[in-house]
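**Student:** I'm passing along run_31.cif; it holds mmCIF, C-alpha atoms.
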data_protein
#
loop_
_atom_site.label_atom_id
_atom_site.label_comp_id
_atom_site.auth_asym_id
_atom_site.auth_seq_id
_atom_site.Cartn_x
_atom_site.Cartn_y
_atom_site.Cartn_z
CA MET Z 1 -1.54 24.64 -31.57
CA LYS Z 2 0.62 23.95 -28.54
CA THR Z 3 -0.74 24.44 -25.02
CA PRO Z 4 1.19 27.29 -23.35
CA ARG Z 5 3.72 25.93 -20.87
CA ALA Z 6 2.08 27.72 -17.92
CA GLU Z 7 -1.30 26.12 -18.81
CA ASN Z 8 -0.01 22.59 -19.50
CA PRO Z 9 -1.94 20.34 -17.05
CA THR Z 10 0.86 17.77 -16.90
CA ILE Z 11 3.41 20.40 -15.89
CA GLN Z 12 1.01 21.89 -13.35
CA ALA Z 13 0.36 18.47 -11.78
CA LEU Z 14 4.08 17.70 -11.55
CA GLN Z 15 4.74 21.00 -9.82
CA LYS Z 16 2.13 20.36 -7.11
CA SER Z 17 3.93 17.35 -5.63
CA SER Z 18 7.16 17.16 -3.64
CA VAL Z 19 7.84 13.67 -5.05
CA SER Z 20 10.78 13.55 -7.46
CA ARG Z 21 9.77 14.36 -11.03
CA TYR Z 22 11.11 11.14 -12.53
CA ILE Z 23 9.10 9.05 -10.03
CA GLN Z 24 5.93 11.01 -10.82
CA LEU Z 25 6.59 10.57 -14.53
CA ALA Z 26 7.19 6.83 -14.16
CA SER Z 27 3.73 6.57 -12.55
CA LEU Z 28 2.23 8.71 -15.32
CA PHE Z 29 3.79 6.59 -18.08
CA ARG Z 30 2.75 3.38 -16.31
CA GLN Z 31 -0.80 4.74 -16.19
CA ARG Z 32 -0.76 5.54 -19.91
CA ILE Z 33 0.22 1.96 -20.68
CA GLU Z 34 -2.33 0.50 -18.28
CA SER Z 35 -5.18 2.60 -19.70
CA GLY Z 36 -4.24 1.84 -23.31
CA VAL Z 37 -3.26 5.40 -24.22
CA TRP Z 38 0.05 3.76 -25.12
CA ASP Z 39 -1.02 0.40 -26.47
CA VAL Z 40 1.01 -2.82 -26.45
CA GLY Z 41 3.30 -2.90 -29.50
CA GLU Z 42 2.98 0.85 -30.04
CA ARG Z 43 5.95 3.16 -30.24
CA ILE Z 44 5.78 5.89 -27.61
CA PRO Z 45 6.91 9.51 -28.13
CA THR Z 46 10.62 10.22 -28.20
CA VAL Z 47 12.52 11.37 -25.14
CA LYS Z 48 12.69 14.88 -26.59
CA GLU Z 49 8.95 14.96 -27.28
CA LEU Z 50 8.13 13.71 -23.78
CA ALA Z 51 10.48 16.27 -22.24
CA GLU Z 52 8.66 19.06 -24.10
CA GLN Z 53 5.23 17.69 -23.15
CA CYS Z 54 6.14 17.38 -19.46
CA GLY Z 55 8.32 20.45 -19.11
CA VAL Z 56 11.35 18.59 -17.76
CA ALA Z 57 14.89 17.79 -18.86
CA THR Z 58 15.53 14.82 -21.13
CA LEU Z 59 17.57 13.22 -18.34
CA THR Z 60 14.46 13.16 -16.12
CA ILE Z 61 12.50 11.43 -18.88
CA ARG Z 62 15.24 8.83 -19.29
CA GLN Z 63 15.21 8.15 -15.53
CA ALA Z 64 11.44 7.61 -15.61
CA LEU Z 65 11.70 5.31 -18.62
CA ASP Z 66 14.45 3.35 -16.88
CA ILE Z 67 11.99 2.53 -14.09
CA ILE Z 68 9.23 1.18 -16.30
CA GLU Z 69 11.75 -0.58 -18.52
CA GLY Z 70 12.98 -2.37 -15.39
CA GLU Z 71 9.37 -3.45 -14.79
CA GLY Z 72 9.26 -4.99 -18.25
CA LEU Z 73 6.61 -2.58 -19.58
CA ILE Z 74 8.66 -1.07 -22.41
CA GLU Z 75 11.52 -2.09 -24.67
CA ARG Z 76 14.04 0.22 -26.30
CA PHE Z 77 15.60 -0.34 -29.72
CA ARG Z 78 18.50 1.67 -31.08
CA ALA Z 79 17.44 3.78 -34.08
CA LYS Z 80 13.85 2.45 -33.87
CA GLY Z 81 12.53 3.96 -30.66
CA THR Z 82 10.78 2.75 -27.52
CA PHE Z 83 7.85 0.35 -27.71
CA VAL Z 84 5.26 -0.85 -25.19
CA ARG Z 85 5.99 -4.45 -24.31
CA GLU Z 86 3.11 -5.29 -21.94
CA ARG Z 87 0.58 -3.73 -19.59
CA PRO Z 88 1.09 -3.66 -15.82
CA SER Z 89 -0.53 -6.61 -14.08
CA ARG Z 90 -3.27 -5.62 -11.64
CA ASP Z 91 -4.08 -8.64 -9.53
CA LEU Z 92 -6.79 -7.12 -7.32
CA TRP Z 93 -7.16 -10.28 -5.25
CA CYS Z 94 -6.49 -8.57 -1.92
CA GLU Z 95 -9.83 -7.31 -0.64
CA VAL Z 96 -10.06 -5.07 2.42
CA ARG Z 97 -13.24 -6.34 4.07
CA THR Z 98 -15.60 -3.92 5.78
CA ASP Z 99 -17.52 -6.39 7.94
CA TRP Z 100 -16.46 -8.05 11.21
CA SER Z 101 -16.56 -11.63 9.93
CA GLY Z 102 -14.48 -10.70 6.89
CA MET Z 103 -11.71 -9.26 9.06
CA LEU Z 104 -11.31 -12.63 10.77
CA ILE Z 105 -10.66 -14.59 7.58
CA ALA Z 106 -7.05 -15.15 6.50
CA ARG Z 107 -6.34 -14.74 2.79
CA GLN Z 108 -5.64 -17.91 0.85
CA ASN Z 109 -2.02 -18.61 -0.05
CA ALA Z 110 -0.85 -15.73 2.15
CA LYS Z 111 2.18 -15.94 4.42
CA ILE Z 112 3.04 -13.66 7.33
CA GLU Z 113 6.62 -12.67 8.16
CA ILE Z 114 7.33 -11.21 11.60
CA LEU Z 115 9.92 -8.50 11.03
CA SER Z 116 10.17 -7.36 14.66
CA ASP Z 117 8.60 -8.12 18.05
CA GLU Z 118 8.83 -5.55 20.85
CA PRO Z 119 7.32 -5.85 24.35
CA ASP Z 120 6.13 -2.98 26.57
CA ALA Z 121 5.56 -0.57 23.70
CA PRO Z 122 3.32 2.51 23.96
CA LEU Z 123 0.18 2.82 21.84
CA PRO Z 124 0.69 5.08 18.80
CA LYS Z 125 -1.69 7.88 17.88
CA TYR Z 126 -5.00 6.67 16.51
CA GLU Z 127 -8.06 8.09 14.77
CA GLY Z 128 -11.36 8.78 16.50
CA ASP Z 129 -12.49 8.60 20.10
CA ILE Z 130 -12.78 4.93 20.97
CA GLY Z 131 -11.62 3.05 24.07
CA ASN Z 132 -8.83 3.68 26.56
CA PRO Z 133 -5.16 2.80 26.02
CA ALA Z 134 -3.75 -0.12 28.03
CA PRO Z 135 -0.57 0.42 30.13
CA ALA Z 136 1.64 -1.28 27.51
CA TYR Z 137 1.46 -3.27 24.27
CA ARG Z 138 3.27 -6.03 22.46
CA HIS Z 139 4.23 -4.46 19.12
CA LEU Z 140 4.79 -6.70 16.12
CA ARG Z 141 5.72 -5.53 12.65
CA ARG Z 142 4.43 -8.05 10.13
CA ARG Z 143 4.73 -8.33 6.37
CA HIS Z 144 2.12 -10.30 4.44
CA LEU Z 145 3.11 -12.03 1.19
CA ARG Z 146 1.46 -14.05 -1.52
CA ASP Z 147 3.58 -16.20 -3.84
CA GLY Z 148 6.63 -14.41 -2.47
CA ALA Z 149 5.32 -10.91 -3.25
CA ALA Z 150 4.62 -8.55 -0.34
CA PHE Z 151 1.23 -6.83 -0.38
CA LEU Z 152 0.76 -5.60 3.22
CA LEU Z 153 3.00 -4.08 5.88
CA ALA Z 154 1.36 -3.97 9.31
CA ASP Z 155 2.18 -2.75 12.80
CA VAL Z 156 0.10 -4.72 15.30
CA TYR Z 157 -0.26 -3.66 18.95
CA VAL Z 158 -1.74 -6.19 21.41
CA ASP Z 159 -2.48 -5.34 25.06
CA MET Z 160 0.40 -6.87 27.06
CA ARG Z 161 -2.09 -8.16 29.64
CA VAL Z 162 -3.67 -10.50 27.09
CA SER Z 163 -0.77 -11.05 24.69
CA ALA Z 164 0.43 -14.17 26.54
CA SER Z 165 -2.98 -15.78 25.93
CA ILE Z 166 -2.21 -15.83 22.20
CA GLY Z 167 -0.01 -18.64 20.89
CA ASN Z 168 3.25 -17.62 19.23
CA GLU Z 169 2.28 -19.54 16.10
CA ASP Z 170 -0.93 -17.49 15.92
CA TYR Z 171 1.03 -14.26 15.62
CA ALA Z 172 2.52 -15.63 12.39
CA THR Z 173 -0.70 -17.01 10.90
CA LEU Z 174 -3.80 -15.09 12.00
CA THR Z 175 -5.27 -11.77 10.90
CA ALA Z 176 -4.93 -8.95 13.43
CA MET Z 177 -8.59 -9.03 14.52
CA ARG Z 178 -8.58 -12.83 14.78
CA LEU Z 179 -5.72 -12.60 17.29
CA VAL Z 180 -8.04 -11.07 19.90
CA ALA Z 181 -11.41 -12.38 18.78
CA ASP Z 182 -11.41 -15.57 20.87
CA ILE Z 183 -9.34 -14.81 23.98
CA PRO Z 184 -10.97 -16.38 27.06
CA GLY Z 185 -12.50 -13.75 29.32
CA GLN Z 186 -12.38 -11.08 26.62
CA THR Z 187 -15.35 -9.82 24.59
CA ILE Z 188 -15.01 -7.39 21.71
CA GLU Z 189 -17.61 -4.74 22.49
CA ASP Z 190 -16.53 -2.17 19.93
CA ALA Z 191 -14.40 -2.22 16.79
CA THR Z 192 -13.61 0.29 14.10
CA GLN Z 193 -11.81 0.45 10.76
CA ILE Z 194 -10.61 3.60 9.00
CA VAL Z 195 -9.22 3.54 5.43
CA THR Z 196 -7.25 6.43 3.96
CA ILE Z 197 -5.43 6.69 0.64
CA GLY Z 198 -1.81 7.80 0.65
CA SER Z 199 1.52 7.32 -1.07
CA ALA Z 200 4.50 5.12 -0.26
CA ASP Z 201 7.37 6.63 1.67
CA LEU Z 202 10.92 5.28 1.51
CA GLU Z 203 10.43 2.62 4.21
CA THR Z 204 7.11 1.38 2.81
CA ALA Z 205 8.53 1.32 -0.72
CA ASN Z 206 11.42 -0.87 0.42
CA HIS Z 207 9.21 -3.35 2.31
CA LEU Z 208 6.53 -3.65 -0.39
CA ASN Z 209 8.78 -3.36 -3.46
CA LEU Z 210 7.20 -0.10 -4.62
CA SER Z 211 8.47 3.18 -5.99
CA ILE Z 212 8.40 6.14 -3.65
CA GLY Z 213 5.10 7.94 -4.17
CA ASP Z 214 3.18 4.93 -5.45
CA PRO Z 215 -0.42 4.74 -4.17
CA VAL Z 216 -1.13 2.79 -0.98
CA ALA Z 217 -4.16 2.24 1.23
CA LYS Z 218 -3.64 2.83 4.94
CA VAL Z 219 -6.00 0.85 7.15
CA GLN Z 220 -6.29 1.34 10.92
CA ARG Z 221 -8.26 -1.22 12.95
CA ILE Z 222 -9.06 -0.97 16.65
CA ALA Z 223 -10.75 -3.48 18.95
CA VAL Z 224 -12.12 -2.53 22.39
CA ASN Z 225 -13.03 -5.05 25.09
CA GLN Z 226 -15.88 -5.16 27.61
CA HIS Z 227 -13.92 -2.94 30.00
CA GLY Z 228 -13.47 -0.19 27.43
CA ASP Z 229 -9.77 -0.95 26.89
CA ILE Z 230 -8.12 -0.96 23.49
CA ILE Z 231 -6.75 -4.49 23.36
CA LEU Z 232 -5.69 -4.30 19.71
CA LEU Z 233 -4.63 -1.61 17.29
CA ALA Z 234 -3.36 -2.52 13.82
CA ASN Z 235 -1.94 -0.05 11.30
CA GLY Z 236 -1.75 -1.69 7.88
CA ILE Z 237 -0.38 -0.35 4.59
CA TYR Z 238 -1.59 -2.16 1.46
CA ARG Z 239 -0.14 -1.91 -2.04
CA GLY Z 240 -2.63 0.14 -4.01
CA ASP Z 241 -2.22 -1.99 -7.13
CA GLN Z 242 -3.16 -5.25 -5.42
CA MET Z 243 -6.16 -4.41 -3.23
CA LYS Z 244 -9.75 -3.35 -3.50
CA ILE Z 245 -12.42 -2.22 -1.06
CA GLU Z 246 -15.89 -3.64 -1.52
CA MET Z 247 -18.91 -2.66 0.58
CA LYS Z 248 -22.27 -4.36 0.46
CA LEU Z 249 -24.93 -1.63 0.64
CA ARG Z 250 -28.05 -3.83 0.65
#
The structure in this file should be written as structure tokens.
**Tutor:**
Amino acid sequence: MKTPRAENPTIQALQKSSVSRYIQLASLFRQRIESGVWDVGERIPTVKELAEQCGVATLTIRQALDIIEGEGLIERFRAKGTFVRERPSRDLWCEVRTDWSGMLIARQNAKIEILSDEPDAPLPKYEGDIGNPAPAYRHLRRRHLRDGAAFLLADVYVDMRVSASIGNEDYATLTAMRLVADIPGQTIEDATQIVTIGSADLETANHLNLSIGDPVAKVQRIAVNQHGDIILLANGIYRGDQMKIEMKLR
């Protein structure tokens, strides 16, 4: 017995999001392959069957399949159908640390690209009630890569009054917190990290080689000095498929 169209959970879920249907469906199909619902070597339902299941046009299904075919997950054969070629790789090597010492450690084999460097920038909005904004900040947009693949896009704001105390080479090699951890005359008296889960917008998708709407983790870090000034704010966006958060409870 078929589930009535109005009660179909897949259709209901698709209707709740403003993200394009074919992008949502590409994520859904990718998930089915990753979880084994569609196993490697298995033939998946036809375009017509998927269109009926998802309550969309066959063209939308073809667009979604085009995306995951481009990722190498499926293979199409004329007159035979579409088969699962391989599962998505989930290299969860990128760990978002939750302790101070962990935030100071650079990830092995990681490279930092400086995409832009702007002086005298204002501090953007931030979460919580911590510290006082400095008069101006040096704003760097940085992209972190491993083996040529981008996993983190970050906007780093450093108090202009201390930014000259940091070597230019350090801006291209050190983690955000490490940049301000050892500045002479500065002591980090307070620091905070907030992690939220979101989805990739157009700009993030382009920088991190994602599809619009793919899951990302947004991490905001703030460091406050002994005078109560925010000397660093870093807004980072991590690829959701390459990071994990681990907290030691005891």
**Student:** With distances taken over only C-alpha atoms, which of Z:Leu123, Z:Ala181, Z:Leu65, Z:Cys54 is nearest to Asn225 of chain Z?
**Tutor:**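 Result for the nearest residue to Asn225 of chain Z: Z:Ala181.
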**Student:** Please evaluate the PyMOL selection byres ((chain Z and resi 199) around 9) against the structure above and give the resulting residues as an MDAnalysis selection string.
**Tutor:** chainID Z and resid 197:198 200:201 212:217 240
**Student:** What's the 9 Å shell around Val224 of chain Z, counting only C-alpha atoms, without same-chain residues fewer than 3 positions away, as a list in words?
**Tutor:**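 Using only C-alpha atoms, the neighbours found are Ile130, Gly131, Asn132, Thr187, Ile188, Glu189, Asp190, Ala191, Thr192, His227, Gly228, Asp229, Ile230, Ile231 and Leu232 of chain Z.
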**Student:** The PyMOL selection byres ((chain Z and resi 85) around 7) - which residues does that actually catch in the file I just gave you? List them as a PyMOL selection string.
**Tutor:** chain Z and resi 40-41+72-75+83-84+86
**Student:** Listing only residues of segment 178-217 of chain Z within 9 Å of segment 148-170 of chain Z, what is the closest atom pair and its distance in Å (to one decimal) for each, using only C-alpha atoms, sorted by chain and residue number ascending, as a Markdown table?
**Tutor:**
| residue | atom | partner | partner_atom | distance |
| --- | --- | --- | --- | --- |
| Z:Leu179 | CA | Z:Ile166 | CA | 6.8 |
| Z:Val180 | CA | Z:Ile166 | CA | 7.9 |
| Z:Ile183 | CA | Z:Ser165 | CA | 6.7 |
| Z:Pro184 | CA | Z:Ser165 | CA | 8.1 |
| Z:Gln186 | CA | Z:Val162 | CA | 8.7 |
| Z:Thr204 | CA | Z:Leu153 | CA | 7.5 |
| Z:His207 | CA | Z:Leu153 | CA | 7.2 |
| Z:Leu208 | CA | Z:Ala150 | CA | 5.3 |
| Z:Asn209 | CA | Z:Ala150 | CA | 7.3 |
**Student:** Save the residues we just selected, C-alpha atoms, as a compact mmCIF listing (two decimals), keeping the file's coordinate frame?
**Tutor:**
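Resulting contents of selection-v4.txt:
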# COMPACT_ATOMS: atom_id res chain seq x y z
CA LEU Z 179 -5.72 -12.60 17.29
CA VAL Z 180 -8.04 -11.07 19.90
CA ILE Z 183 -9.34 -14.81 23.98
CA PRO Z 184 -10.97 -16.38 27.06
CA GLN Z 186 -12.38 -11.08 26.62
CA THR Z 204 7.11 1.38 2.81
CA HIS Z 207 9.21 -3.35 2.31
CA LEU Z 208 6.53 -3.65 -0.39
CA ASN Z 209 8.78 -3.36 -3.46
**Student:** Out of Z:Ala134, Z:Leu140, Z:Ala234, Z:Ile61, which residue has the shortest atom-to-atom distance to Pro119 of chain Z when counting all atoms listed in the file?
**Tutor:**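 Among the listed residues, Z:Leu140 lies closest to Pro119 of chain Z.
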**Student:** May I ask which of the residues Z:Asp241, Z:Glu203, Z:Glu69, Z:Glu113 is the closest one to His144 of chain Z, counting only C-alpha atoms?
**Tutor:**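 Distance minimum relative to His144 of chain Z lands on Z:Glu113.
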**Student:** Selection in question (the file shown): the PyMOL selection byres ((chain Z and resi 63) around 12). Which residues does it include, as a tab-separated table (two decimals) with C-alpha atoms, in the frame of the given file?
**Tutor:**
chain	number	residue	atom	x	y	z
Z	20	SER	CA	10.78	13.55	-7.46
Z	21	ARG	CA	9.77	14.36	-11.03
Z	22	TYR	CA	11.11	11.14	-12.53
Z	23	ILE	CA	9.10	9.05	-10.03
Z	24	GLN	CA	5.93	11.01	-10.82
Z	25	LEU	CA	6.59	10.57	-14.53
Z	26	ALA	CA	7.19	6.83	-14.16
Z	27	SER	CA	3.73	6.57	-12.55
Z	29	PHE	CA	3.79	6.59	-18.08
Z	47	VAL	CA	12.52	11.37	-25.14
Z	51	ALA	CA	10.48	16.27	-22.24
Z	56	VAL	CA	11.35	18.59	-17.76
Z	57	ALA	CA	14.89	17.79	-18.86
Z	58	THR	CA	15.53	14.82	-21.13
Z	59	LEU	CA	17.57	13.22	-18.34
Z	60	THR	CA	14.46	13.16	-16.12
Z	61	ILE	CA	12.50	11.43	-18.88
Z	62	ARG	CA	15.24	8.83	-19.29
Z	64	ALA	CA	11.44	7.61	-15.61
Z	65	LEU	CA	11.70	5.31	-18.62
Z	66	ASP	CA	14.45	3.35	-16.88
Z	67	ILE	CA	11.99	2.53	-14.09
Z	68	ILE	CA	9.23	1.18	-16.30
Z	69	GLU	CA	11.75	-0.58	-18.52
Z	70	GLY	CA	12.98	-2.37	-15.39
**Student:** Report, in Å with one decimal, the straight-line distance from atom CA of Leu174 of chain Z to atom CA of Ile222 of chain Z.
**Tutor:**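 Rounded to one decimal, the two atoms are 15.8 Å apart.
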**Student:** When distances are computed from only C-alpha atoms, which of Z:Arg32, Z:Arg142, Z:Val37, Z:Met247 shows the smallest separation from Thr175 of chain Z?
**Tutor:**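 Nearest to Thr175 of chain Z: Z:Arg142.
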**Student:** Between Z:Glu127, Z:Tyr137, Z:Ile194, Z:Asn235, which is the closest to Ala176 of chain Z once you count only C-alpha atoms?
**Tutor:**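 Between Z:Glu127, Z:Tyr137, Z:Ile194, Z:Asn235, the residue approaching Ala176 of chain Z most closely is Z:Asn235.
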**Student:** How far is it from atom CA of Pro135 of chain Z to atom CA of Thr196 of chain Z, in Å with one decimal?
**Tutor:**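 So the two atoms, atom CA of Pro135 of chain Z and atom CA of Thr196 of chain Z, lie 27.7 Å apart.
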**Student:** Determine, counting all atoms listed in the file, which protein, DNA and RNA residues have an atom within 7 Å of an atom of Ile33 of chain Z; residues of the same chain fewer than 5 positions away are not included. Present the result as a list of chain:residue names.
**Tutor:** Z:Trp38, Z:Asp39, Z:Arg87
**Student:** What's the separation between atom CA of Ile112 of chain Z and atom CA of Leu145 of chain Z, in Å to one decimal place?
**Tutor:**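 Atom-to-atom, atom CA of Ile112 of chain Z and atom CA of Leu145 of chain Z are spaced 6.4 Å apart.
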